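Undergrad: Here it is, the structure, as structure tokens.
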Amino acid sequence: MQTVLITGAAGAVATDLRPMLRARYANLKLSDRVPVSDMAENERFVPAQLENPEDLAALCDGVDGIIHLGGQPLEADWGIIDACNIQGLMNLLEAARLAGVARFVFASSNHAVGMYPRARKIGAGDPVRPDSRYGLSKAFGEAACALYADKHGMRCLSIRIGNVADRPADRRRLSIWLHPEDLFQLCRIGLEHPDLHNEIVFGASDNIRTFWDNDAAFRLGYRPAHRAEDHAAFALTRQETLAPNPLADRFQGGSFSSEAFTGDEDRTIWGQAARWPW
């Protein structure tokens with residue numbers, strides 16, 4: 001693994017990862033819509049837009065592995081989500097295939113499963129239940145990675161990222177928090193694990209309040225070094241300053257789940273407990 005491409009390289013998550021990545025890999029190719037500052041000697045910036053296949057063909061040339069952090073990072077109108085997170089992802093995967101890129105690490109999201117209740121612990125094999133158009137695009141991305149792994153031999157890892165930060169900032173994030181150093185470890189697994197074909201893992205540190213069974217990551221050797229509970233006092237104090245949202249507090253996706261919600265709350269929470277025949 002000599003040259004690693006990072007899309008969305010100007011974003012906060014990439015900024016946290018870059019010092020660790022450039023110490024591990026010989027060359028980093030950085031790409032975003034906006035320039036990246038403070039580049040090291042082994043970093044090179046290449047501007048590109050996911051919607052432009054010609055940009056991506058040049059971007060993927062000579063690349064061994066990709067960490068795809070680019071795209072629309074929050075909920076938005078469907079046109080934006082479609083162009084950036086669906087069409088853009090497919091453009092990048094196809095450019096990577098044509099360039100012979102061996103590894104693809106996809107920044108998925110907890111919002112691909114955000115409509116599960118917090119009271120239910122889920123694993124990577126449970127059906128997706130996206131909480132938003134954004135979450136839907138991440139579920140699509142996971143399926144696209146499966147296609148390119150199974151049909152074209154690309155080795156793919158989808159990381160359902162919780163919340164990347166130096167410490168968790170509220171009660172929900174005590175369950176979904178991911179320290180940047182633990183995310184770096186997951187990226188290394190995606191770029192280097194010799195037996196990787198295609199996997200979905202949860203991007204979470206050592207969180208005893210977790211919503212997720214992360215056995216898939218542990219089987220690949222993931223050993224998170226950071227504990228959310230070390231920051232519990234800070235997070236719970238911050239929680240007291242937040243306005244209550246009883247609906248959001250029932251779902252793993254938080255406010256993404258409650259925004260524009262018009263369904264039957266109890267049926268959504270408990271609907272999957274039903275068993276056929278009716």
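Naming works like this for the structure tokens: A, B, ... for the chains as they're shown, residue 1 at the start of each chain, ligands 1 onward in shown order.
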Skipping near chain neighbours, those fewer than 3 positions away, what residues fall within 8 Å of Phe45 (chain A) using only C-alpha atoms, listed as a PDB file with N, CA and C atoms, in the first residue's frame?
TA:
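Final output, selection_10.pdb:
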ATOM      1  N   LYS A  29      -2.714  11.074  -1.601  1.00  0.00           N
ATOM      2  CA  LYS A  29      -3.329  11.945  -2.593  1.00  0.00           C
ATOM      3  C   LYS A  29      -4.605  12.489  -1.958  1.00  0.00           C
ATOM      4  N   LEU A  30      -4.704  13.797  -1.829  1.00  0.00           N
ATOM      5  CA  LEU A  30      -5.818  14.439  -1.144  1.00  0.00           C
ATOM      6  C   LEU A  30      -6.721  15.102  -2.175  1.00  0.00           C
ATOM      7  N   SER A  31      -8.027  14.920  -1.984  1.00  0.00           N
ATOM      8  CA  SER A  31      -8.957  15.517  -2.941  1.00  0.00           C
ATOM      9  C   SER A  31     -10.181  16.075  -2.237  1.00  0.00           C
ATOM     10  N   PRO A  35      -9.477  23.636  -1.569  1.00  0.00           N
ATOM     11  CA  PRO A  35      -8.077  23.275  -1.327  1.00  0.00           C
ATOM     12  C   PRO A  35      -7.832  22.804   0.105  1.00  0.00           C
ATOM     13  N   VAL A  36      -6.816  21.980   0.256  1.00  0.00           N
ATOM     14  CA  VAL A  36      -6.353  21.517   1.562  1.00  0.00           C
ATOM     15  C   VAL A  36      -5.076  22.262   1.905  1.00  0.00           C
TER      16      VAL A  36
END
Undergrad: Write out as CSV the residues of region 41-142 of chain A that have any atom within 10 Å of an atom of region 9-13 of chain A, one row each with the nearest atom pair and its distance in Å to one decimal, counting only C-alpha atoms, sorted by chain and then rising number.
TA:
residue,atom,partner,partner_atom,distance
A:Phe45,CA,A:Ala9,CA,8.8
A:Ile67,CA,A:Ala9,CA,9.5
A:His68,CA,A:Ala9,CA,9.1
A:Leu69,CA,A:Ala9,CA,7.3
A:Gly70,CA,A:Ala9,CA,7.4
A:Pro73,CA,A:Gly11,CA,9.5
Undergrad: May I have the selected residues written with C-alpha atoms, as a CSV table (one decimal), in the first residue's frame?
TA:
chain,number,residue,atom,x,y,z
A,45,PHE,CA,-3.7,17.8,-3.5
A,67,ILE,CA,-10.6,6.2,1.9
A,68,HIS,CA,-13.8,7.7,0.7
A,69,LEU,CA,-14.9,10.5,3.1
A,70,GLY,CA,-16.3,12.8,0.4
A,73,PRO,CA,-22.2,14.9,5.0
Undergrad: Can you work out which one of A:Leu191, A:Ala107, A:Val113, A:Leu178 has the shortest atom-to-atom distance to Val4 (chain A), counting only C-alpha atoms?
TA: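 Going through A:Leu191, A:Ala107, A:Val113, A:Leu178 one by one, the smallest distance to Val4 (chain A) is for A:Leu191.
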Undergrad: Determine, counting only C-alpha atoms, which protein, DNA and RNA residues have an atom within 7 Å of an atom of region 151-162 of chain A; residues of the same chain fewer than 2 positions away are not included. Present the result as a ChimeraX atom specification.
TA: /A:102-110,142,145,147-149,164,176-178,190,196-204
Undergrad: Filtering to C-alpha atoms, could you give me those residues as a compact mmCIF listing (two decimals), in the first residue's frame?
TA:
# COMPACT_ATOMS: atom_id res chain seq x y z
CA ALA A 102 -7.29 -2.76 -4.88
CA ARG A 103 -8.91 -1.40 -1.68
CA PHE A 104 -11.89 0.81 -0.91
CA VAL A 105 -12.78 2.08 2.58
CA PHE A 106 -16.26 3.61 2.57
CA ALA A 107 -17.33 6.08 5.24
CA SER A 108 -20.83 4.80 5.88
CA SER A 109 -22.87 6.06 8.82
CA ASN A 110 -24.89 5.02 11.83
CA GLU A 142 -22.74 -0.36 1.44
CA CYS A 145 -19.32 -1.86 -2.16
CA LEU A 147 -21.26 -5.30 -5.79
CA TYR A 148 -17.73 -4.15 -6.54
CA ALA A 149 -16.24 -6.69 -4.13
CA VAL A 164 -15.80 11.17 15.44
CA ILE A 176 -21.74 5.90 19.28
CA TRP A 177 -18.50 7.80 19.92
CA LEU A 178 -15.40 7.06 17.80
CA GLY A 190 -9.64 -1.83 5.32
CA LEU A 196 -10.75 -8.84 3.68
CA HIS A 197 -13.35 -9.33 0.95
CA ASN A 198 -16.29 -7.12 1.84
CA GLU A 199 -17.36 -6.25 5.38
CA ILE A 200 -19.59 -3.81 7.21
CA VAL A 201 -18.39 -2.75 10.65
CA PHE A 202 -19.48 -0.17 13.19
CA GLY A 203 -17.20 2.80 13.73
CA ALA A 204 -17.28 2.96 17.52
Undergrad: Determine, counting only C-alpha atoms, which protein, DNA and RNA residues have an atom within 12 Å of an atom of Leu50 (chain A); residues of the same chain fewer than 3 positions away are not included. Present the result as an mmCIF file with C-alpha atoms, in the first residue's frame.
TA:
data_model
loop_
_atom_site.group_PDB
_atom_site.id
_atom_site.type_symbol
_atom_site.label_atom_id
_atom_site.label_comp_id
_atom_site.auth_asym_id
_atom_site.auth_seq_id
_atom_site.Cartn_x
_atom_site.Cartn_y
_atom_site.Cartn_z
ATOM 1 C CA THR A 7 -11.650 12.098 -0.693
ATOM 2 C CA GLY A 8 -13.279 14.812 1.384
ATOM 3 C CA SER A 31 -8.957 15.517 -2.941
ATOM 4 C CA ASP A 32 -11.867 17.839 -2.244
ATOM 5 C CA ARG A 33 -13.850 20.620 -3.844
ATOM 6 C CA PRO A 47 -9.056 18.944 -6.915
ATOM 7 C CA PRO A 53 -16.144 11.147 -14.082
ATOM 8 C CA GLU A 54 -13.246 12.754 -15.955
ATOM 9 C CA ASP A 55 -11.925 14.259 -12.706
ATOM 10 C CA LEU A 56 -12.122 10.867 -11.021
ATOM 11 C CA ALA A 57 -10.326 8.934 -13.735
ATOM 12 C CA ALA A 58 -7.245 11.129 -13.260
ATOM 13 C CA LEU A 59 -7.708 11.092 -9.496
ATOM 14 C CA CYS A 60 -7.588 7.281 -9.235
ATOM 15 C CA HIS A 68 -13.843 7.738 0.708
ATOM 16 C CA LEU A 69 -14.899 10.479 3.109
ATOM 17 C CA GLY A 70 -16.288 12.790 0.423
ATOM 18 C CA GLY A 71 -19.885 13.602 -0.440
ATOM 19 C CA GLN A 72 -22.781 15.343 1.259
ATOM 20 C CA ILE A 80 -28.005 16.932 -3.560
ATOM 21 C CA ILE A 81 -27.932 13.501 -1.891
ATOM 22 C CA ASP A 82 -28.365 11.752 -5.239
ATOM 23 C CA ALA A 83 -25.688 13.743 -7.058
ATOM 24 C CA CYS A 84 -23.045 13.572 -4.312
ATOM 25 C CA ASN A 85 -23.651 10.346 -2.393
ATOM 26 C CA ILE A 86 -25.142 8.038 -5.004
ATOM 27 C CA GLN A 87 -24.088 9.135 -8.481
ATOM 28 C CA GLY A 88 -20.823 10.466 -7.084
ATOM 29 C CA LEU A 89 -20.044 7.225 -5.270
ATOM 30 C CA MET A 90 -20.762 5.143 -8.358
ATOM 31 C CA ASN A 91 -18.537 7.410 -10.436
ATOM 32 C CA LEU A 92 -15.713 6.928 -7.931
ATOM 33 C CA LEU A 93 -16.113 3.158 -7.670
ATOM 34 C CA GLU A 94 -16.118 2.782 -11.429
ATOM 35 C CA ALA A 95 -13.073 5.013 -11.814
#
Undergrad: Applying 7 Å and only C-alpha atoms, which residues near region 214-219 of chain A remain after dropping the ones on its own chain fewer than 2 positions away? List them as a list in words.
TA: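 The contact residues come out as Gly123, Val201, Phe202, Trp212, Gly221, Tyr222 and Arg223 of chain A.
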Undergrad: Residues of region 55-273 of chain A in helix (DSSP H, G or I) according to DSSP, as a VMD selection string?
TA: chain A and resid 55 to 60 78 to 99 110 to 113 133 to 152 171 to 176 180 to 192 215 to 219 228 to 239 248 to 250 255 to 258 265 to 273
Undergrad: List the neighbours of His111 (chain A) out to 6 Å using only C-alpha atoms; skip same-chain residues closer than 5 positions along the sequence, and give me the result as an MDAnalysis selection string.
TA: chainID A and resid 130:131 135 253
Undergrad: Dump C-alpha atoms for the selected residues as a JSON list (two decimals), in the first residue's frame?
TA:
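Dumped to out25.json:
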[["chain", "number", "residue", "atom", "x", "y", "z"],
["A", 130, "PRO", "CA", -32.16, 4.39, 7.36],
["A", 131, "ASP", "CA", -33.41, 7.43, 9.24],
["A", 135, "GLY", "CA", -28.87, 7.46, 5.76],
["A", 253, "GLY", "CA", -30.29, 8.04, 14.86]]
Undergrad: Measuring atom to atom with only C-alpha atoms, identify which of A:Arg133, A:Arg267, A:Arg227, A:His193 is nearest to Arg209 (chain A).
TA: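 Comparing A:Arg133, A:Arg267, A:Arg227, A:His193 against Arg209 (chain A), the winner is A:Arg227.
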Undergrad: For Pro127 (chain A), list every protein, DNA or RNA residue within 10 Å, evaluated using only C-alpha atoms, and leave out those in the same chain fewer than 2 positions away; present the list as a list in words.
TA: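 Near Pro127 (chain A), the qualifying residues are Ala112, Val113, Tyr116, Ile122, Gly123, Ala124, Gly125, Arg129, Pro130 and Ala139 of chain A.
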Undergrad: Would you mind exporting the chosen residues as a PDB file, in the first residue's frame, restricted to N, CA and C atoms?
TA:
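Output contents, as saved in part_2.pdb:
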ATOM      1  N   ALA A 112     -27.517   4.802   8.554  1.00  0.00           N
ATOM      2  CA  ALA A 112     -28.044   3.711   7.723  1.00  0.00           C
ATOM      3  C   ALA A 112     -28.939   2.778   8.529  1.00  0.00           C
ATOM      4  N   VAL A 113     -28.816   2.835   9.854  1.00  0.00           N
ATOM      5  CA  VAL A 113     -29.620   1.987  10.741  1.00  0.00           C
ATOM      6  C   VAL A 113     -30.256   2.814  11.855  1.00  0.00           C
ATOM      7  N   TYR A 116     -33.632   2.076  14.183  1.00  0.00           N
ATOM      8  CA  TYR A 116     -33.745   1.065  15.235  1.00  0.00           C
ATOM      9  C   TYR A 116     -33.900   1.753  16.587  1.00  0.00           C
ATOM     10  N   ILE A 122     -28.060  -4.139  17.883  1.00  0.00           N
ATOM     11  CA  ILE A 122     -28.060  -4.709  16.538  1.00  0.00           C
ATOM     12  C   ILE A 122     -26.629  -5.033  16.099  1.00  0.00           C
ATOM     13  N   GLY A 123     -26.539  -5.914  15.103  1.00  0.00           N
ATOM     14  CA  GLY A 123     -25.263  -6.251  14.499  1.00  0.00           C
ATOM     15  C   GLY A 123     -25.211  -5.803  13.058  1.00  0.00           C
ATOM     16  N   ALA A 124     -24.046  -5.941  12.449  1.00  0.00           N
ATOM     17  CA  ALA A 124     -23.872  -5.502  11.064  1.00  0.00           C
ATOM     18  C   ALA A 124     -24.745  -6.281  10.094  1.00  0.00           C
ATOM     19  N   GLY A 125     -25.189  -7.481  10.491  1.00  0.00           N
ATOM     20  CA  GLY A 125     -26.023  -8.285   9.608  1.00  0.00           C
ATOM     21  C   GLY A 125     -27.500  -7.983   9.687  1.00  0.00           C
ATOM     22  N   ARG A 129     -32.080   0.166   8.294  1.00  0.00           N
ATOM     23  CA  ARG A 129     -33.281   0.957   8.585  1.00  0.00           C
ATOM     24  C   ARG A 129     -32.864   2.424   8.604  1.00  0.00           C
ATOM     25  N   PRO A 130     -32.661   3.013   7.419  1.00  0.00           N
ATOM     26  CA  PRO A 130     -32.160   4.392   7.362  1.00  0.00           C
ATOM     27  C   PRO A 130     -33.142   5.382   7.965  1.00  0.00           C
ATOM     28  N   ALA A 139     -26.730   3.473   3.082  1.00  0.00           N
ATOM     29  CA  ALA A 139     -27.121   2.077   2.873  1.00  0.00           C
ATOM     30  C   ALA A 139     -26.868   1.664   1.424  1.00  0.00           C
TER      31      ALA A 139
END
Undergrad: Rounded to one decimal, what separation in Å do you get between CA of Ser205 (chain A) and CA of Pro244 (chain A)?
TA: 25.9 Å
Undergrad: Between A:Val128, A:Leu186, A:Ala146, A:Ile208, single out the one closest to Leu174 (chain A), counting only C-alpha atoms.
TA: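 Selected residue with least distance to Leu174 (chain A): A:Ile208.
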Undergrad: Please determine, counting only C-alpha atoms, which residue among A:Ala40, A:Tyr134, A:Asp166, A:Asn27 has the shortest atom-to-atom distance to Trp78 (chain A).
TA: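 Comparing A:Ala40, A:Tyr134, A:Asp166, A:Asn27 against Trp78 (chain A), the winner is A:Tyr134.
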Undergrad: Using DSSP secondary structure from the backbone, list all strand (DSSP E or B) positions within region 2-97 of chain A, as a PyMOL selection string.
TA: chain A and resi 3-7+27-31+43-45+65-68
Undergrad: Can you tell me how far CA of Ser37 (chain A) sits from CA of Leu17 (chain A), in Å to one decimal?
TA: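 Those two atoms sit 14.3 Å apart.
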Undergrad: For a test of reading the model, state the distance in Å between CA of Asp195 (chain A) and CA of Asp64 (chain A), rounded to one decimal.
TA: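 Between CA of Asp195 (chain A) and CA of Asp64 (chain A) the gap works out to 16.5 Å.
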Undergrad: Measuring atom to atom with only C-alpha atoms, identify which of A:Glu51, A:Asp170, A:Asp213, A:Asp38 is nearest to Phe234 (chain A).
TA: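 So, comparing all the options, the nearest one is A:Asp170.
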Undergrad: Restricting the calculation to only C-alpha atoms, which member of A:Ala119, A:Leu183, A:Ala143, A:Leu98 is positioned closest to Arg18 (chain A)?
TA: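 Nearest candidate to Arg18 (chain A) out of A:Ala119, A:Leu183, A:Ala143, A:Leu98: A:Leu183.
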